[in-house]
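Colleague: Please find final_39.csv (CSV, C-alpha atoms) on the next line:
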```csv
chain,number,residue,atom,x,y,z
A,1,MET,CA,8.0,-37.6,-29.3
A,2,ASP,CA,10.4,-38.2,-32.1
A,3,LYS,CA,9.3,-35.2,-33.9
A,4,VAL,CA,9.8,-33.1,-30.8
A,5,ARG,CA,13.3,-34.5,-30.3
A,6,ASP,CA,14.1,-34.1,-33.9
A,7,LEU,CA,13.1,-30.5,-34.1
A,8,ALA,CA,14.7,-29.8,-30.8
A,9,SER,CA,18.1,-31.0,-32.0
A,10,LYS,CA,18.0,-28.9,-35.2
A,11,LYS,CA,18.9,-25.6,-33.6
A,12,ALA,CA,20.7,-24.4,-30.5
A,13,ALA,CA,17.6,-22.8,-29.1
A,14,VAL,CA,14.1,-24.2,-29.8
A,15,ILE,CA,10.8,-23.1,-28.4
A,16,PHE,CA,7.5,-24.9,-28.9
A,17,THR,CA,4.5,-22.5,-28.7
A,18,LYS,CA,1.0,-22.0,-29.7
A,19,SER,CA,0.1,-18.9,-31.8
A,20,SER,CA,-2.6,-17.8,-29.2
A,21,CYS,CA,-0.3,-18.3,-26.2
A,22,CYS,CA,0.8,-14.9,-24.7
A,23,MET,CA,3.2,-16.5,-22.2
A,24,CYS,CA,4.9,-18.0,-25.2
A,25,TYR,CA,5.2,-14.5,-26.5
A,26,SER,CA,6.9,-13.4,-23.3
A,27,ILE,CA,9.4,-16.2,-23.4
A,28,LYS,CA,10.2,-15.5,-27.0
A,29,THR,CA,10.7,-11.8,-26.2
A,30,LEU,CA,13.1,-12.8,-23.4
A,31,PHE,CA,15.2,-14.9,-25.8
A,32,TYR,CA,15.3,-12.1,-28.4
A,33,GLU,CA,16.3,-9.7,-25.6
A,34,LEU,CA,19.2,-12.0,-24.9
A,35,GLY,CA,20.2,-11.9,-28.5
A,36,ALA,CA,19.2,-15.4,-29.3
A,37,SER,CA,17.2,-16.5,-32.4
A,38,PRO,CA,15.3,-19.5,-31.3
A,39,ALA,CA,13.5,-21.7,-33.7
A,40,ILE,CA,9.8,-21.4,-33.0
A,41,HIS,CA,7.4,-24.2,-33.6
A,42,GLU,CA,3.7,-23.5,-33.3
A,43,LEU,CA,1.9,-26.6,-32.3
A,44,ASP,CA,-1.5,-25.3,-33.4
A,45,HIS,CA,-0.1,-24.9,-36.9
A,46,ASP,CA,1.5,-28.3,-37.1
A,47,PRO,CA,-0.3,-31.4,-38.3
A,48,SER,CA,1.3,-33.5,-35.6
A,49,GLY,CA,0.7,-30.7,-33.0
A,50,ARG,CA,-1.5,-32.9,-30.8
A,51,ASP,CA,1.0,-35.6,-30.6
A,52,MET,CA,3.8,-33.2,-29.9
A,53,GLU,CA,1.8,-31.5,-27.2
A,54,TRP,CA,1.2,-34.9,-25.6
A,55,ALA,CA,5.0,-35.7,-25.8
A,56,LEU,CA,5.8,-32.4,-24.2
A,57,ARG,CA,3.4,-33.1,-21.3
A,58,GLY,CA,5.1,-36.4,-21.0
A,59,LEU,CA,8.4,-34.6,-20.4
A,60,GLY,CA,6.8,-32.9,-17.5
A,61,CYS,CA,6.1,-29.6,-19.2
A,62,ASP,CA,3.0,-28.0,-17.6
A,63,PRO,CA,1.5,-26.1,-19.3
A,64,SER,CA,2.7,-27.8,-22.4
A,65,VAL,CA,3.7,-24.5,-24.0
A,66,PRO,CA,6.0,-22.7,-24.0
A,67,ALA,CA,8.4,-25.6,-24.0
A,68,VAL,CA,12.1,-24.6,-24.2
A,69,PHE,CA,15.0,-26.7,-25.5
A,70,ILE,CA,18.6,-25.5,-25.5
A,71,GLY,CA,21.4,-27.6,-27.1
A,72,GLY,CA,18.8,-30.3,-27.8
A,73,ARG,CA,18.0,-30.7,-24.1
A,74,PHE,CA,14.7,-30.0,-22.5
A,75,VAL,CA,15.0,-26.9,-20.2
A,76,GLY,CA,11.4,-26.5,-19.1
A,77,SER,CA,8.4,-24.2,-19.2
A,78,ALA,CA,8.1,-20.5,-18.5
A,79,LYS,CA,8.7,-20.9,-14.8
A,80,ASP,CA,11.9,-22.8,-15.3
A,81,VAL,CA,13.2,-20.3,-17.9
A,82,ILE,CA,12.6,-17.3,-15.7
A,83,SER,CA,14.2,-19.0,-12.7
A,84,LEU,CA,17.3,-19.9,-14.8
A,85,HIS,CA,17.4,-16.4,-16.2
A,86,VAL,CA,17.4,-14.8,-12.7
A,87,ASP,CA,20.3,-16.9,-11.4
A,88,GLY,CA,22.3,-16.3,-14.6
A,89,SER,CA,22.2,-20.0,-15.8
A,90,LEU,CA,20.1,-19.3,-18.8
A,91,LYS,CA,22.6,-17.0,-20.4
A,92,GLN,CA,25.4,-19.5,-19.7
A,93,MET,CA,23.4,-22.4,-21.3
A,94,LEU,CA,22.8,-20.3,-24.4
A,95,ILE,CA,26.5,-19.5,-24.6
A,96,ASP,CA,27.5,-23.1,-24.1
A,97,ALA,CA,25.0,-24.2,-26.9
A,98,LYS,CA,26.4,-21.4,-29.1
A,99,ALA,CA,23.0,-19.8,-29.4
A,100,ILE,CA,24.6,-16.5,-28.3
A,101,TRP,CA,28.1,-15.3,-28.0
A,102,PHE,CA,28.1,-13.1,-25.0
B,1,MET,CA,-21.2,67.9,10.9
B,2,ALA,CA,-17.9,66.8,9.7
B,3,ASP,CA,-15.6,66.3,12.5
B,4,ALA,CA,-12.4,68.2,11.9
B,5,SER,CA,-9.9,66.5,14.1
B,6,PRO,CA,-7.7,69.1,15.6
B,7,ARG,CA,-4.8,66.8,15.1
B,8,THR,CA,-5.3,66.4,11.4
B,9,ASP,CA,-2.2,67.9,9.7
B,10,THR,CA,0.3,66.5,7.2
B,11,SER,CA,2.7,64.9,9.6
B,12,THR,CA,0.0,63.0,11.5
B,13,ASP,CA,-1.7,62.1,8.2
B,14,ASP,CA,1.2,59.8,7.5
B,15,THR,CA,1.1,58.4,11.0
B,16,ASP,CA,-2.7,57.8,10.7
B,17,GLU,CA,-2.2,55.9,7.4
B,18,LYS,CA,0.5,53.8,8.9
B,19,ASN,CA,-1.7,53.1,11.8
B,20,GLN,CA,-4.5,52.1,9.4
B,21,ARG,CA,-2.2,49.8,7.6
B,22,THR,CA,-1.0,48.3,10.8
B,23,LEU,CA,-4.5,47.8,12.1
B,24,ARG,CA,-5.5,46.2,8.8
B,25,ARG,CA,-2.5,43.9,8.9
B,26,LEU,CA,-3.2,42.9,12.5
B,27,ALA,CA,-6.8,42.2,11.6
B,28,GLN,CA,-5.8,40.0,8.7
B,29,ASN,CA,-3.3,38.2,10.9
B,30,ARG,CA,-5.9,37.5,13.5
B,31,GLU,CA,-8.2,36.2,10.8
B,32,ALA,CA,-5.5,34.0,9.3
B,33,ALA,CA,-4.6,32.6,12.7
B,34,ARG,CA,-8.3,31.9,13.4
B,35,LYS,CA,-8.7,30.1,10.1
B,36,SER,CA,-5.5,28.2,10.8
B,37,ARG,CA,-6.8,27.1,14.2
B,38,LEU,CA,-10.1,26.0,12.6
B,39,ARG,CA,-8.2,24.0,10.0
B,40,LYS,CA,-6.0,22.4,12.6
B,41,LYS,CA,-9.1,21.5,14.7
B,42,ALA,CA,-10.8,19.9,11.7
B,43,TYR,CA,-7.7,18.0,10.8
B,44,VAL,CA,-7.3,16.7,14.3
B,45,GLN,CA,-10.9,15.7,14.4
B,46,GLN,CA,-10.4,13.8,11.2
B,47,LEU,CA,-7.4,12.0,12.6
B,48,GLU,CA,-9.4,11.1,15.8
B,49,SER,CA,-12.2,9.7,13.8
B,50,SER,CA,-9.8,7.8,11.5
B,51,ARG,CA,-8.2,6.4,14.6
B,52,LEU,CA,-11.5,5.3,15.9
B,53,LYS,CA,-12.4,3.7,12.6
B,54,LEU,CA,-9.0,2.0,12.5
B,55,THR,CA,-9.6,0.5,16.0
B,56,GLN,CA,-13.1,-0.7,14.8
B,57,LEU,CA,-11.6,-2.3,11.7
B,58,GLU,CA,-8.9,-4.0,13.7
B,59,GLN,CA,-11.6,-5.5,16.0
B,60,GLU,CA,-13.6,-6.7,13.0
B,61,LEU,CA,-10.5,-8.3,11.5
B,62,GLN,CA,-9.7,-10.0,14.8
B,63,ARG,CA,-13.3,-11.3,15.0
B,64,ALA,CA,-13.1,-12.5,11.3
B,65,ARG,CA,-9.8,-14.2,12.1
B,66,GLN,CA,-11.2,-16.0,15.0
B,67,GLN,CA,-14.0,-17.3,12.9
B,68,GLY,CA,-11.5,-18.8,10.5
B,69,ILE,CA,-11.9,-18.5,6.8
B,70,PHE,CA,-15.4,-18.0,5.7
B,71,ILE,CA,-18.0,-20.7,6.1
B,72,SER,CA,-20.6,-20.4,3.3
B,73,SER,CA,-24.1,-21.5,4.0
B,74,SER,CA,-23.9,-24.2,1.3
B,75,GLY,CA,-20.9,-25.7,3.1
B,76,ASP,CA,-19.2,-26.2,-0.3
B,77,GLN,CA,-15.5,-25.4,0.2
B,78,SER,CA,-14.6,-24.6,-3.4
B,79,HIS,CA,-17.7,-22.5,-3.9
B,80,SER,CA,-17.1,-20.4,-0.8
B,81,MET,CA,-13.4,-19.9,-1.8
B,82,SER,CA,-14.3,-18.5,-5.2
B,83,GLY,CA,-17.0,-16.3,-3.7
B,84,ASN,CA,-14.9,-15.1,-0.8
B,85,GLY,CA,-11.5,-15.4,-2.5
B,86,ALA,CA,-10.8,-11.7,-2.3
B,87,LEU,CA,-12.0,-11.2,1.2
B,88,ALA,CA,-10.2,-14.3,2.5
B,89,PHE,CA,-7.0,-13.2,0.9
B,90,ASP,CA,-7.2,-9.7,2.4
B,91,VAL,CA,-7.6,-11.2,5.8
B,92,GLU,CA,-4.7,-13.6,5.2
B,93,TYR,CA,-2.5,-10.8,3.9
B,94,ALA,CA,-3.3,-8.6,7.0
B,95,ARG,CA,-2.3,-11.5,9.2
B,96,TRP,CA,0.8,-12.1,7.1
B,97,LEU,CA,1.8,-8.5,7.3
B,98,GLU,CA,1.5,-8.4,11.1
B,99,GLU,CA,3.7,-11.5,11.5
B,100,HIS,CA,6.2,-10.0,9.0
B,101,ASN,CA,6.4,-6.8,11.0
B,102,ARG,CA,7.0,-8.8,14.1
B,103,GLN,CA,9.9,-10.7,12.5
B,104,ILE,CA,11.4,-7.5,11.1
B,105,ASN,CA,11.4,-5.9,14.6
B,106,GLU,CA,13.1,-9.0,15.8
B,107,LEU,CA,15.7,-8.7,13.0
B,108,ARG,CA,16.2,-5.0,13.7
B,109,ALA,CA,16.8,-5.7,17.4
B,110,ALA,CA,19.3,-8.4,16.5
B,111,VAL,CA,21.2,-6.1,14.1
B,112,ASN,CA,21.2,-3.2,16.6
B,113,SER,CA,22.5,-5.4,19.4
B,114,HIS,CA,25.3,-6.6,17.1
B,115,ALA,CA,24.1,-10.2,17.3
B,116,GLY,CA,26.3,-13.0,15.9
B,117,ASP,CA,26.1,-14.3,12.3
B,118,THR,CA,24.4,-17.5,13.4
B,119,GLU,CA,21.6,-15.8,15.1
B,120,LEU,CA,21.2,-13.3,12.3
B,121,ARG,CA,21.1,-16.2,9.8
B,122,THR,CA,18.3,-17.9,11.6
B,123,ILE,CA,16.2,-14.7,11.6
B,124,VAL,CA,17.0,-13.9,8.0
B,125,ASP,CA,16.0,-17.4,7.0
B,126,ASN,CA,12.7,-17.1,8.9
B,127,VAL,CA,11.9,-13.8,7.1
B,128,THR,CA,12.7,-15.4,3.8
B,129,ALA,CA,10.6,-18.4,4.5
B,130,HIS,CA,7.8,-16.1,5.5
B,131,PHE,CA,8.0,-14.4,2.2
B,132,ASP,CA,7.5,-17.7,0.5
B,133,ASP,CA,4.2,-18.0,2.5
B,134,ILE,CA,2.7,-14.8,1.0
B,135,PHE,CA,3.7,-16.0,-2.5
B,136,ARG,CA,1.9,-19.2,-1.9
B,137,LEU,CA,-1.2,-17.4,-0.6
B,138,LYS,CA,-1.1,-15.1,-3.6
B,139,GLY,CA,-1.1,-18.2,-5.8
B,140,ILE,CA,-4.2,-19.5,-4.2
B,141,ALA,CA,-5.9,-16.1,-4.3
B,142,ALA,CA,-5.0,-15.7,-8.0
B,143,LYS,CA,-6.7,-19.0,-8.7
B,144,ALA,CA,-9.8,-17.8,-6.9
B,145,ASP,CA,-9.9,-14.2,-8.1
B,146,VAL,CA,-7.1,-13.1,-10.4
B,147,PHE,CA,-8.6,-9.7,-10.8
B,148,HIS,CA,-8.5,-9.0,-7.1
B,149,VAL,CA,-4.8,-9.8,-7.0
B,150,LEU,CA,-4.1,-7.7,-10.1
B,151,SER,CA,-6.1,-4.8,-8.8
B,152,GLY,CA,-3.8,-4.4,-5.8
B,153,MET,CA,-6.8,-3.4,-3.7
B,154,TRP,CA,-5.3,-5.5,-1.0
B,155,LYS,CA,-2.4,-3.1,-0.8
B,156,THR,CA,-2.4,0.5,0.4
B,157,PRO,CA,-2.9,3.4,-2.2
B,158,ALA,CA,0.7,4.5,-2.3
B,159,GLU,CA,1.9,0.9,-2.9
B,160,ARG,CA,-0.6,0.6,-5.7
B,161,CYS,CA,1.2,3.5,-7.5
B,162,PHE,CA,4.0,1.1,-8.1
B,163,LEU,CA,1.9,-2.0,-8.9
B,164,TRP,CA,3.2,-4.3,-11.5
B,165,ILE,CA,1.3,-7.5,-12.4
B,166,GLY,CA,-0.1,-7.8,-8.9
B,167,GLY,CA,3.0,-6.9,-6.9
B,168,PHE,CA,6.3,-5.0,-6.7
B,169,ARG,CA,8.9,-4.7,-9.3
B,170,SER,CA,12.0,-6.6,-8.3
B,171,SER,CA,14.3,-4.5,-10.4
B,172,GLU,CA,13.1,-1.4,-8.7
B,173,LEU,CA,13.7,-2.9,-5.3
B,174,LEU,CA,17.3,-3.8,-6.2
B,175,LYS,CA,17.8,-0.2,-7.4
B,176,LEU,CA,16.7,1.0,-4.0
B,177,LEU,CA,19.1,-1.3,-2.3
B,178,ALA,CA,22.1,-0.5,-4.4
B,179,ASN,CA,23.4,2.2,-2.2
B,180,GLN,CA,22.4,0.8,1.1
B,181,LEU,CA,24.3,-2.5,0.8
B,182,GLU,CA,27.8,-1.1,0.8
B,183,PRO,CA,30.5,-2.2,1.2
B,184,LEU,CA,30.1,-4.8,-1.6
B,185,THR,CA,32.9,-6.8,-3.1
B,186,GLU,CA,33.5,-6.4,-6.8
B,187,GLN,CA,31.9,-9.8,-7.3
B,188,GLN,CA,28.9,-8.9,-5.2
B,189,PHE,CA,28.5,-5.6,-7.0
B,190,MET,CA,28.5,-7.4,-10.4
B,191,GLY,CA,26.1,-10.0,-9.1
B,192,ILE,CA,23.6,-7.4,-7.9
B,193,HIS,CA,24.0,-5.5,-11.1
B,194,ASN,CA,23.4,-8.6,-13.2
B,195,LEU,CA,20.5,-9.6,-11.1
B,196,GLN,CA,18.9,-6.2,-11.5
B,197,GLN,CA,19.4,-6.5,-15.3
B,198,SER,CA,18.0,-10.0,-15.4
B,199,SER,CA,14.9,-9.2,-13.4
B,200,GLN,CA,14.4,-6.1,-15.6
B,201,GLN,CA,14.6,-8.2,-18.7
B,202,ALA,CA,12.1,-10.7,-17.3
B,203,GLU,CA,9.8,-8.0,-16.3
B,204,ASP,CA,9.9,-6.5,-19.8
B,205,ALA,CA,9.2,-9.8,-21.3
B,206,LEU,CA,6.2,-10.5,-19.0
B,207,SER,CA,4.9,-6.9,-19.6
B,208,GLN,CA,5.0,-7.5,-23.3
B,209,GLY,CA,3.1,-10.7,-23.0
B,210,MET,CA,0.5,-9.0,-21.0
B,211,GLU,CA,0.2,-6.3,-23.7
B,212,ALA,CA,-0.1,-9.0,-26.3
B,213,LEU,CA,-2.9,-10.6,-24.2
B,214,GLN,CA,-4.7,-7.2,-24.0
B,215,GLN,CA,-4.4,-6.8,-27.7
B,216,SER,CA,-5.6,-10.3,-28.4
B,217,LEU,CA,-8.6,-9.9,-26.1
B,218,ALA,CA,-9.6,-6.6,-27.7
B,219,GLU,CA,-9.4,-8.2,-31.2
B,220,THR,CA,-11.4,-11.2,-30.0
B,221,LEU,CA,-14.2,-9.0,-28.8
B,222,THR,CA,-14.3,-6.7,-31.8
B,223,ASN,CA,-14.2,-9.3,-34.5
B,224,GLY,CA,-17.7,-9.3,-35.6
B,225,SER,CA,-19.1,-10.4,-39.0
B,226,PRO,CA,-22.1,-8.1,-39.7
B,227,GLY,CA,-25.1,-10.0,-40.7
B,228,PRO,CA,-28.9,-9.8,-40.2
B,229,SER,CA,-29.5,-9.1,-36.6
B,230,GLY,CA,-30.8,-12.0,-34.5
B,231,SER,CA,-29.6,-14.6,-36.9
B,232,SER,CA,-28.5,-17.8,-35.4
B,233,GLY,CA,-25.1,-17.3,-37.1
B,234,ASN,CA,-24.6,-14.1,-35.1
B,235,VAL,CA,-25.5,-15.9,-31.9
B,236,ALA,CA,-23.1,-18.6,-32.6
B,237,ASN,CA,-20.5,-16.0,-33.5
B,238,TYR,CA,-21.1,-14.2,-30.2
B,239,MET,CA,-20.8,-17.3,-28.1
B,240,GLY,CA,-17.7,-18.3,-30.0
B,241,GLN,CA,-16.2,-14.9,-29.2
B,242,MET,CA,-17.1,-15.2,-25.6
B,243,ALA,CA,-15.6,-18.6,-25.3
B,244,MET,CA,-12.4,-17.4,-26.8
B,245,ALA,CA,-12.3,-14.4,-24.6
B,246,MET,CA,-12.9,-16.6,-21.6
B,247,GLY,CA,-9.9,-18.7,-22.6
B,248,LYS,CA,-7.7,-15.6,-22.8
B,249,LEU,CA,-8.8,-14.3,-19.4
B,250,GLY,CA,-7.9,-17.6,-18.0
B,251,THR,CA,-4.3,-17.0,-18.9
B,252,LEU,CA,-4.0,-14.0,-16.6
B,253,GLU,CA,-3.5,-16.3,-13.7
B,254,GLY,CA,-0.3,-17.6,-15.4
B,255,PHE,CA,1.1,-14.1,-15.7
B,256,VAL,CA,0.5,-13.4,-12.0
B,257,ARG,CA,2.1,-16.7,-11.2
B,258,GLN,CA,5.2,-16.0,-13.3
B,259,ALA,CA,5.4,-12.4,-11.9
B,260,ASP,CA,5.4,-13.8,-8.4
B,261,ASN,CA,7.9,-16.5,-9.4
B,262,LEU,CA,10.2,-13.7,-10.7
B,263,ARG,CA,9.9,-11.8,-7.4
B,264,GLN,CA,10.6,-14.9,-5.3
B,265,GLN,CA,13.6,-15.9,-7.5
B,266,THR,CA,15.0,-12.4,-7.4
B,267,LEU,CA,14.9,-12.3,-3.6
B,268,GLN,CA,16.4,-15.8,-3.3
B,269,GLN,CA,19.2,-14.9,-5.7
B,270,MET,CA,19.9,-11.6,-3.8
B,271,HIS,CA,20.3,-13.6,-0.6
B,272,ARG,CA,22.8,-15.9,-2.4
B,273,ILE,CA,24.9,-13.0,-3.4
B,274,LEU,CA,24.9,-11.2,0.0
B,275,THR,CA,26.5,-12.1,3.3
B,276,THR,CA,24.2,-12.7,6.2
B,277,ARG,CA,24.7,-9.3,7.6
B,278,GLN,CA,24.1,-7.7,4.2
B,279,SER,CA,20.9,-9.7,3.8
B,280,ALA,CA,19.7,-8.6,7.2
B,281,ARG,CA,20.3,-4.9,6.2
B,282,ALA,CA,18.6,-5.5,2.8
B,283,LEU,CA,15.5,-6.9,4.5
B,284,LEU,CA,15.4,-4.0,6.9
B,285,ALA,CA,15.8,-1.5,4.1
B,286,ILE,CA,13.1,-3.1,2.0
B,287,ASN,CA,10.8,-3.1,5.0
B,288,ASP,CA,11.6,0.6,5.7
B,289,TYR,CA,10.6,1.5,2.2
B,290,PHE,CA,7.3,-0.3,2.2
B,291,SER,CA,6.5,0.9,5.7
B,292,ARG,CA,7.0,4.5,4.4
B,293,LEU,CA,4.7,3.8,1.5
B,294,ARG,CA,2.1,2.5,3.8
B,295,ALA,CA,2.5,5.4,6.2
B,296,LEU,CA,2.2,7.8,3.3
B,297,SER,CA,-1.1,6.0,2.3
B,298,SER,CA,-2.5,6.5,5.8
B,299,LEU,CA,-1.6,10.2,5.7
B,300,TRP,CA,-3.1,10.5,2.3
B,301,LEU,CA,-6.4,8.9,3.4
B,302,ALA,CA,-6.6,11.1,6.5
B,303,ARG,CA,-5.7,14.3,4.7
B,304,PRO,CA,-8.0,17.3,5.4
B,305,ARG,CA,-10.2,18.1,2.4
B,306,GLU,CA,-11.7,21.5,1.6
```
For this file, produce the structure as structure tokens.

Modeller:
Amino acid sequence: MDKVRDLASKKAAVIFTKSSCCMCYSIKTLFYELGASPAIHELDHDPSGRDMEWALRGLGCDPSVPAVFIGGRFVGSAKDVISLHVDGSLKQMLIDAKAIWF
Amino acid sequence: MADASPRTDTSTDDTDEKNQRTLRRLAQNREAARKSRLRKKAYVQQLESSRLKLTQLEQELQRARQQGIFISSSGDQSHSMSGNGALAFDVEYARWLEEHNRQINELRAAVNSHAGDTELRTIVDNVTAHFDDIFRLKGIAAKADVFHVLSGMWKTPAERCFLWIGGFRSSELLKLLANQLEPLTEQQFMGIHNLQQSSQQAEDALSQGMEALQQSLAETLTNGSPGPSGSSGNVANYMGQMAMAMGKLGTLEGFVRQADNLRQQTLQQMHRILTTRQSARALLAINDYFSRLRALSSLWLARPRE
């Protein structure tokens, strides 16, 4: 959990993924489309990947990846991100966290 | 003996030729008219038999509905669902569509009779809630048989033209509505524009994820290390490949779920932007569009074929 929180606070937009996860690819694409450059952490390529996955599940993220943090705060999984994008909140959150400028 | 017609001279030669041409033309016209009548008869016969088939299908559907959702001989609920997932969903969808059309007619009547906002709001909310039902049903169906949902075989042919990850494209729907919702306030206009853009971006992102999945699946199935045929290493390799491919196929359900989530969220956001009256008109316009696609499908299926 500490590692998750630690990594999440290091950049305005952070996404935890797995290299094989195509939904993660979709969410990354969405962020790039919005002009954000999120930090990507692949759990399957991290020695503490298992623990981090467990921690993400503990936060209520199901499936565990993709797990999105903005401004250090847990935003949610793919479903949450898409919902927030549709009502315009995602963009505002990214602006507030200075992940994007407009 | 050659018959020398006493009337054969240059002036009546022309008349004769003209008569010949006229006679030929009349004969051709008669022939064309006859063929046209035959074609029409064939077409009408096809329509009649299609109508009969339609009545039969409706009766079967009714019977199936009365029997409830399929009871397998083993009595195992989960087993019967996965075996009949596709069929069960088709029946549920048909039922849903019938109810949806009934609600839309109610909405249309209310709009045409200039009903008050409160009454309109109630009906609009009912229609929206009913939309949530089909998304829920699609979720269950996707779990049971994701390929059936993705195939769009539960929709009519013309609707299938526009299929995107097991359903309609929200961004396209909004484009259709753009002109029909006027007058819009500046804020509403921006809201709808932004909504269209957001749903388009989300659609693109999901499409790219699907492509990545396709690519990944192809790679999984083609990665083979050549070795002596029949070796245990090859068998293990093959099984490993299959296991990995199975895992990837399993993620398809997630894409259908997110695509449906996107559709649902887009509709909800649209209703937030519009007034009650505008929402009512939007729902009617959407229904008009899909009704036409379905009607087109019926015409297409009943078309006369040479």

Colleague: Just how far from atom CA of Ala36 of chain A is atom CA of Ala8 of chain A, in Å to one decimal?

Modeller: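 These atoms are spaced 15.2 Å apart.
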
Colleague: Rounded to one decimal place, report the atom CA of Phe168 of chain B-atom CA of Val146 of chain B distance in Å.

Modeller: 16.1 Å

Colleague: As a list in words, please: the residues near Ile27 of chain A (cut-off 10 Å, all atoms listed in the file, same-chain neighbours under 3 positions excluded).

Modeller: Ile15, Thr17, Cys22, Met23, Cys24, Leu30, Phe31, Tyr32, Glu33, Pro66, Ala67, Val68, Ser77, Ala78, Lys79, Val81 and Ile82 of chain A; Ala202, Ala205, Leu206, Gln208 and Gly209 of chain B

Colleague: Against chain A, which residues of chain B fall within 9 Å? For each one I want the closest pair of atoms and the distance in Å (one decimal), counting all atoms listed in the file, rows by chain and increasing residue number, as JSON lines.

Modeller:
```
{"residue": "B:Asn194", "atom": "CA", "partner": "A:Gly88", "partner_atom": "CA", "distance": 7.9}
{"residue": "B:Leu195", "atom": "CA", "partner": "A:Val86", "partner_atom": "CA", "distance": 6.3}
{"residue": "B:Gln196", "atom": "CA", "partner": "A:Val86", "partner_atom": "CA", "distance": 8.8}
{"residue": "B:Gln197", "atom": "CA", "partner": "A:Val86", "partner_atom": "CA", "distance": 8.9}
{"residue": "B:Ser198", "atom": "CA", "partner": "A:Val86", "partner_atom": "CA", "distance": 5.5}
{"residue": "B:Ser199", "atom": "CA", "partner": "A:Val86", "partner_atom": "CA", "distance": 6.2}
{"residue": "B:Gln201", "atom": "CA", "partner": "A:Leu30", "partner_atom": "CA", "distance": 6.7}
{"residue": "B:Ala202", "atom": "CA", "partner": "A:Leu30", "partner_atom": "CA", "distance": 6.5}
{"residue": "B:Asp204", "atom": "CA", "partner": "A:Leu30", "partner_atom": "CA", "distance": 7.9}
{"residue": "B:Ala205", "atom": "CA", "partner": "A:Ser26", "partner_atom": "CA", "distance": 4.7}
{"residue": "B:Leu206", "atom": "CA", "partner": "A:Ser26", "partner_atom": "CA", "distance": 5.2}
{"residue": "B:Ser207", "atom": "CA", "partner": "A:Ser26", "partner_atom": "CA", "distance": 7.7}
{"residue": "B:Gln208", "atom": "CA", "partner": "A:Ser26", "partner_atom": "CA", "distance": 6.2}
{"residue": "B:Gly209", "atom": "CA", "partner": "A:Ser26", "partner_atom": "CA", "distance": 4.7}
{"residue": "B:Met210", "atom": "CA", "partner": "A:Cys22", "partner_atom": "CA", "distance": 7.0}
{"residue": "B:Glu211", "atom": "CA", "partner": "A:Cys22", "partner_atom": "CA", "distance": 8.7}
{"residue": "B:Ala212", "atom": "CA", "partner": "A:Cys22", "partner_atom": "CA", "distance": 6.2}
{"residue": "B:Leu213", "atom": "CA", "partner": "A:Cys22", "partner_atom": "CA", "distance": 5.7}
{"residue": "B:Ser216", "atom": "CA", "partner": "A:Ser20", "partner_atom": "CA", "distance": 8.1}
{"residue": "B:Lys248", "atom": "CA", "partner": "A:Ser20", "partner_atom": "CA", "distance": 8.5}
{"residue": "B:Thr251", "atom": "CA", "partner": "A:Cys22", "partner_atom": "CA", "distance": 8.0}
{"residue": "B:Gly254", "atom": "CA", "partner": "A:Met23", "partner_atom": "CA", "distance": 7.7}
{"residue": "B:Phe255", "atom": "CA", "partner": "A:Met23", "partner_atom": "CA", "distance": 7.2}
{"residue": "B:Arg257", "atom": "CA", "partner": "A:Lys79", "partner_atom": "CA", "distance": 8.6}
{"residue": "B:Gln258", "atom": "CA", "partner": "A:Lys79", "partner_atom": "CA", "distance": 6.2}
{"residue": "B:Asn261", "atom": "CA", "partner": "A:Lys79", "partner_atom": "CA", "distance": 7.0}
{"residue": "B:Leu262", "atom": "CA", "partner": "A:Ile82", "partner_atom": "CA", "distance": 6.6}
{"residue": "B:Gln265", "atom": "CA", "partner": "A:Ser83", "partner_atom": "CA", "distance": 6.1}
{"residue": "B:Thr266", "atom": "CA", "partner": "A:Val86", "partner_atom": "CA", "distance": 6.3}
{"residue": "B:Gln269", "atom": "CA", "partner": "A:Asp87", "partner_atom": "CA", "distance": 6.1}
```

Colleague: Looking at only C-alpha atoms, which of B:Leu87, B:Glu203, B:Leu47, B:Lys138 is the one that sits closest to Ser298 of chain B?

Modeller: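 Using only C-alpha atoms, the shortest distance to Ser298 of chain B belongs to B:Leu47.
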
Colleague: Rounded to one decimal, what separation in Å do you get between atom CA of Asn126 of chain B and atom CA of Met270 of chain B?

Modeller: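 Taking atom CA of Asn126 of chain B and atom CA of Met270 of chain B, their separation equals 15.6 Å.
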
Colleague: Nearest to Trp300 of chain B: which of B:Pro183, B:Gly116, B:Gly85, B:Pro157 is it, counting all atoms listed in the file?

Modeller: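 Checking each of B:Pro183, B:Gly116, B:Gly85, B:Pro157 against Trp300 of chain B, counting all atoms listed in the file, the winner is B:Pro157.
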
Colleague: Taking 3 positions as the minimum chain separation for residues in the same chain, which residues sit within 9 Å of segment 49-52 of chain A when counting all atoms listed in the file? Answer as an MDAnalysis selection string.

Modeller: chainID A and resid 1:4 42:46 55:57

Colleague: Up to 9 Å from (21.7, -20.5, -30.9) in the file's coordinates: name the residues, counting only C-alpha atoms, as a CSV table (one decimal) with C-alpha atoms, in the frame of the given file.

Modeller:
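Listed below is the output, out.csv:
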```csv
chain,number,residue,atom,x,y,z
A,11,LYS,CA,18.9,-25.6,-33.6
A,12,ALA,CA,20.7,-24.4,-30.5
A,13,ALA,CA,17.6,-22.8,-29.1
A,14,VAL,CA,14.1,-24.2,-29.8
A,36,ALA,CA,19.2,-15.4,-29.3
A,37,SER,CA,17.2,-16.5,-32.4
A,38,PRO,CA,15.3,-19.5,-31.3
A,39,ALA,CA,13.5,-21.7,-33.7
A,70,ILE,CA,18.6,-25.5,-25.5
A,71,GLY,CA,21.4,-27.6,-27.1
A,94,LEU,CA,22.8,-20.3,-24.4
A,95,ILE,CA,26.5,-19.5,-24.6
A,97,ALA,CA,25.0,-24.2,-26.9
A,98,LYS,CA,26.4,-21.4,-29.1
A,99,ALA,CA,23.0,-19.8,-29.4
A,100,ILE,CA,24.6,-16.5,-28.3
A,101,TRP,CA,28.1,-15.3,-28.0
```
